[in-house]
Amino acid sequence: MQRGDWQQAELMLADAIESCPVDAQARSYYADVLANRGELDLAIAQLEVARDLSAGDPDLIVRTGQMHLRLGQINQAETRAAMALRATPDSADAWALRGRVWLARGDFPRALADLQRALGYRPNDRQLLGELADLYLRLNKPEQALLSLQTLVDTYPTGEEPPDLLHRQGEVLQRLERPEDAAARFAEAARRGGARR
């Protein structure tokens with residue numbers, strides 16, 4: 001899997017599961033292979049078995065919920081988020097999953113609260129920071145969006161910030177009617193090859 005040879009990984013993991021059906025880790029990895037080729041239903045089934053074999057590992061519960069969410073199965077994802085939060089109330093992944101469930105339901109205030117809670121446990125999580133920035137924009141809170149984006153920029157070494165991220169900052173600065181700052185961000189993004197058309 002690490003080398004990107006998913007076909008070989010699938011064959012080896014299938015053999016491992018056949019040799020030892022109670023190996024939760026092998027089933028978890030096999031779920032990754034199945035998900036990689038788009039077989040999310042089969043991946044979920046493997047994760048459910050792995051969870052049972054591992055006495056309810058909260059990480060496996062969250063991963064199952066994430067796959068349910070990818071399939072648009074919001075109720076199942078919500079159930080998994082609740083299970084994971086009961087098991088580990090300080091899990092950033094579980095709070096993020098529940099926040100994404102609220103987002104899928106269109107309940108932006110609850111989504112915001114849960115994503116912020118997740119970020120509290122993992123303050124430099126780039127994906128969470130980006131999601132929060134997008135959510136703030138949907139809530140018409142560009143100042144908070146800009147703050148989230150700046151925190152996201154700060155997670156990169158100086159000079160290595162992705163051009164698309166700089167461009168996003170420029171768009172928010174435009175929305176805040178700060179044209180000079182926006183122009184500077186757009187110019188920096190363009191210098192790095194990230195100009196958009």
# chains A, B, ... in the order shown; residues from 1 in each chain; ligands from 1
>>> residues_around(residues="A:Leu97", least_positions_apart="3", cutoff="6 Å", atoms="only C-alpha atoms", output="list in words")
Ala81, Ala94 and Arg100 of chain A
>>> select_by_dssp(residues="stretch 19-171 of chain A", states="alpha helix (DSSP H)", output="number ranges by chain")
A: 19, 24-36, 40-53, 58-70, 74-87, 92-105, 108-121, 126-138, 142-153, 163-171
>>> residues_around(residues="A:Gly106", least_positions_apart="6", cutoff="12 Å", atoms="only C-alpha atoms", output="compact mmCIF listing (two decimals) with N, CA and C atoms, in the first residue's frame")
# COMPACT_ATOMS: atom_id res chain seq x y z
N ILE A 74 -26.13 9.69 5.82
CA ILE A 74 -25.93 10.64 6.91
C ILE A 74 -26.35 10.07 8.25
N GLY A 99 -19.31 17.11 13.10
CA GLY A 99 -19.42 18.41 12.46
C GLY A 99 -19.75 18.29 10.98
N ARG A 100 -19.14 17.33 10.32
CA ARG A 100 -19.41 17.13 8.88
C ARG A 100 -20.82 16.57 8.65
N LEU A 112 -20.32 24.24 12.89
CA LEU A 112 -19.25 25.13 13.34
C LEU A 112 -18.79 24.78 14.75
N LEU A 135 -16.71 27.28 6.02
CA LEU A 135 -17.96 27.37 6.77
C LEU A 135 -18.21 28.80 7.24
N ARG A 138 -19.68 30.64 4.44
CA ARG A 138 -21.10 30.31 4.25
C ARG A 138 -21.98 31.00 5.29
N LEU A 139 -21.42 31.25 6.46
CA LEU A 139 -22.15 31.93 7.53
C LEU A 139 -22.00 33.45 7.43
>>> residues_around(residues="A:Gln127", least_positions_apart="2", cutoff="12 Å", atoms="only C-alpha atoms", output="VMD selection string")
chain A and resid 92 to 93 96 100 115 118 to 119 122 to 125 129 to 134 148 to 149 151 to 153 155 165
>>> atom_distance(atom1="atom CA of A:Ser91", atom2="atom CA of A:Leu69")
17.8 Å
>>> residues_around(residues="A:Gln169", least_positions_apart="6", cutoff="12 Å", atoms="only C-alpha atoms", output="PyMOL selection string")
chain A and resi 130+133-134+137+142-153+161-163+175-176+178-179+181-189
>>> residues_around(residues="stretch 6-9 of chain A", least_positions_apart="6", cutoff="10 Å", atoms="only C-alpha atoms", output="PyMOL selection string")
chain A and resi 15+29-30+32-34+36-37
>>> residues_around(residues="stretch 45-49 of chain A", least_positions_apart="5", cutoff="10 Å", atoms="only C-alpha atoms", output="list in words")
Pro21, Val22, Asp23, Ala24, Gln25, Ala26, Arg27, Ser28, Tyr29, Tyr30, Ala31, Asp32, Leu34, Leu40, Ser54, Gly56, Leu60, Ile61, Val62, Arg63, Thr64, Gly65 and Met67 of chain A
>>> write_last_selection(atoms="N, CA, C and O atoms", output="JSON list (two decimals), in the first residue's frame")
[["chain", "number", "residue", "atom", "x", "y", "z"],
["A", 21, "PRO", "N", -8.87, -14.98, 10.15],
["A", 21, "PRO", "CA", -10.07, -14.16, 10.03],
["A", 21, "PRO", "C", -10.31, -13.21, 11.20],
["A", 21, "PRO", "O", -11.09, -12.27, 11.08],
["A", 22, "VAL", "N", -9.63, -13.45, 12.33],
["A", 22, "VAL", "CA", -9.85, -12.59, 13.50],
["A", 22, "VAL", "C", -8.81, -11.48, 13.63],
["A", 22, "VAL", "O", -8.72, -10.83, 14.67],
["A", 23, "ASP", "N", -8.03, -11.26, 12.58],
["A", 23, "ASP", "CA", -7.02, -10.20, 12.59],
["A", 23, "ASP", "C", -7.68, -8.86, 12.22],
["A", 23, "ASP", "O", -7.92, -8.58, 11.04],
["A", 24, "ALA", "N", -7.96, -8.06, 13.22],
["A", 24, "ALA", "CA", -8.65, -6.78, 13.01],
["A", 24, "ALA", "C", -7.82, -5.83, 12.15],
["A", 24, "ALA", "O", -8.36, -5.11, 11.31],
["A", 25, "GLN", "N", -6.51, -5.82, 12.37],
["A", 25, "GLN", "CA", -5.65, -4.90, 11.62],
["A", 25, "GLN", "C", -5.64, -5.24, 10.13],
["A", 25, "GLN", "O", -5.70, -4.34, 9.28],
["A", 26, "ALA", "N", -5.58, -6.50, 9.80],
["A", 26, "ALA", "CA", -5.59, -6.90, 8.39],
["A", 26, "ALA", "C", -6.90, -6.48, 7.74],
["A", 26, "ALA", "O", -6.92, -5.99, 6.62],
["A", 27, "ARG", "N", -8.01, -6.64, 8.46],
["A", 27, "ARG", "CA", -9.31, -6.23, 7.91],
["A", 27, "ARG", "C", -9.38, -4.71, 7.74],
["A", 27, "ARG", "O", -9.96, -4.21, 6.77],
["A", 28, "SER", "N", -8.76, -3.99, 8.67],
["A", 28, "SER", "CA", -8.74, -2.53, 8.57],
["A", 28, "SER", "C", -7.97, -2.09, 7.33],
["A", 28, "SER", "O", -8.42, -1.22, 6.57],
["A", 29, "TYR", "N", -6.81, -2.69, 7.10],
["A", 29, "TYR", "CA", -6.03, -2.36, 5.91],
["A", 29, "TYR", "C", -6.76, -2.79, 4.64],
["A", 29, "TYR", "O", -6.72, -2.10, 3.62],
["A", 30, "TYR", "N", -7.41, -3.93, 4.71],
["A", 30, "TYR", "CA", -8.16, -4.42, 3.55],
["A", 30, "TYR", "C", -9.29, -3.44, 3.21],
["A", 30, "TYR", "O", -9.57, -3.18, 2.04],
["A", 31, "ALA", "N", -9.90, -2.86, 4.23],
["A", 31, "ALA", "CA", -10.93, -1.84, 4.01],
["A", 31, "ALA", "C", -10.35, -0.65, 3.25],
["A", 31, "ALA", "O", -11.01, -0.09, 2.37],
["A", 32, "ASP", "N", -9.11, -0.27, 3.58],
["A", 32, "ASP", "CA", -8.47, 0.84, 2.86],
["A", 32, "ASP", "C", -8.31, 0.51, 1.38],
["A", 32, "ASP", "O", -8.53, 1.37, 0.51],
["A", 34, "LEU", "N", -10.12, -1.61, -0.37],
["A", 34, "LEU", "CA", -11.45, -1.62, -0.99],
["A", 34, "LEU", "C", -11.94, -0.19, -1.23],
["A", 34, "LEU", "O", -12.51, 0.11, -2.28],
["A", 40, "LEU", "N", -16.90, 1.16, -1.32],
["A", 40, "LEU", "CA", -17.10, 1.66, 0.04],
["A", 40, "LEU", "C", -18.00, 0.76, 0.87],
["A", 40, "LEU", "O", -17.78, 0.60, 2.08],
["A", 54, "SER", "N", -11.98, -5.82, 17.54],
["A", 54, "SER", "CA", -11.08, -4.99, 18.37],
["A", 54, "SER", "C", -11.81, -4.41, 19.59],
["A", 54, "SER", "O", -11.34, -3.45, 20.18],
["A", 56, "GLY", "N", -14.54, -2.65, 19.73],
["A", 56, "GLY", "CA", -15.09, -1.31, 19.53],
["A", 56, "GLY", "C", -14.07, -0.20, 19.44],
["A", 56, "GLY", "O", -14.28, 0.89, 19.99],
["A", 60, "LEU", "N", -11.77, 2.99, 14.41],
["A", 60, "LEU", "CA", -12.47, 2.23, 13.37],
["A", 60, "LEU", "C", -13.91, 2.69, 13.24],
["A", 60, "LEU", "O", -14.47, 2.73, 12.14],
["A", 61, "ILE", "N", -14.51, 3.08, 14.35],
["A", 61, "ILE", "CA", -15.88, 3.61, 14.31],
["A", 61, "ILE", "C", -15.92, 4.89, 13.49],
["A", 61, "ILE", "O", -16.79, 5.09, 12.64],
["A", 62, "VAL", "N", -14.94, 5.78, 13.74],
["A", 62, "VAL", "CA", -14.88, 7.04, 13.00],
["A", 62, "VAL", "C", -14.66, 6.78, 11.52],
["A", 62, "VAL", "O", -15.32, 7.38, 10.66],
["A", 63, "ARG", "N", -13.74, 5.90, 11.19],
["A", 63, "ARG", "CA", -13.47, 5.60, 9.78],
["A", 63, "ARG", "C", -14.72, 5.05, 9.09],
["A", 63, "ARG", "O", -15.00, 5.38, 7.94],
["A", 64, "THR", "N", -15.46, 4.21, 9.80],
["A", 64, "THR", "CA", -16.71, 3.69, 9.24],
["A", 64, "THR", "C", -17.68, 4.83, 8.99],
["A", 64, "THR", "O", -18.31, 4.91, 7.93],
["A", 65, "GLY", "N", -17.79, 5.73, 9.96],
["A", 65, "GLY", "CA", -18.68, 6.88, 9.79],
["A", 65, "GLY", "C", -18.27, 7.77, 8.63],
["A", 65, "GLY", "O", -19.12, 8.27, 7.89],
["A", 67, "MET", "N", -16.82, 6.82, 5.91],
["A", 67, "MET", "CA", -17.21, 6.16, 4.66],
["A", 67, "MET", "C", -18.71, 6.25, 4.44],
["A", 67, "MET", "O", -19.17, 6.45, 3.31]]
>>> atom_distance(atom1="atom CA of A:Tyr136", atom2="atom CA of A:Ala111")
10.5 Å
>>> closest_residue(among="A:Gln2, A:Asn140, A:Ser19, A:Gln66", to="A:Pro109", atoms="only C-alpha atoms")
A:Asn140
>>> closest_residue(among="A:Ala104, A:Leu85, A:Leu128, A:Cys20", to="A:Leu53", atoms="only C-alpha atoms")
A:Cys20
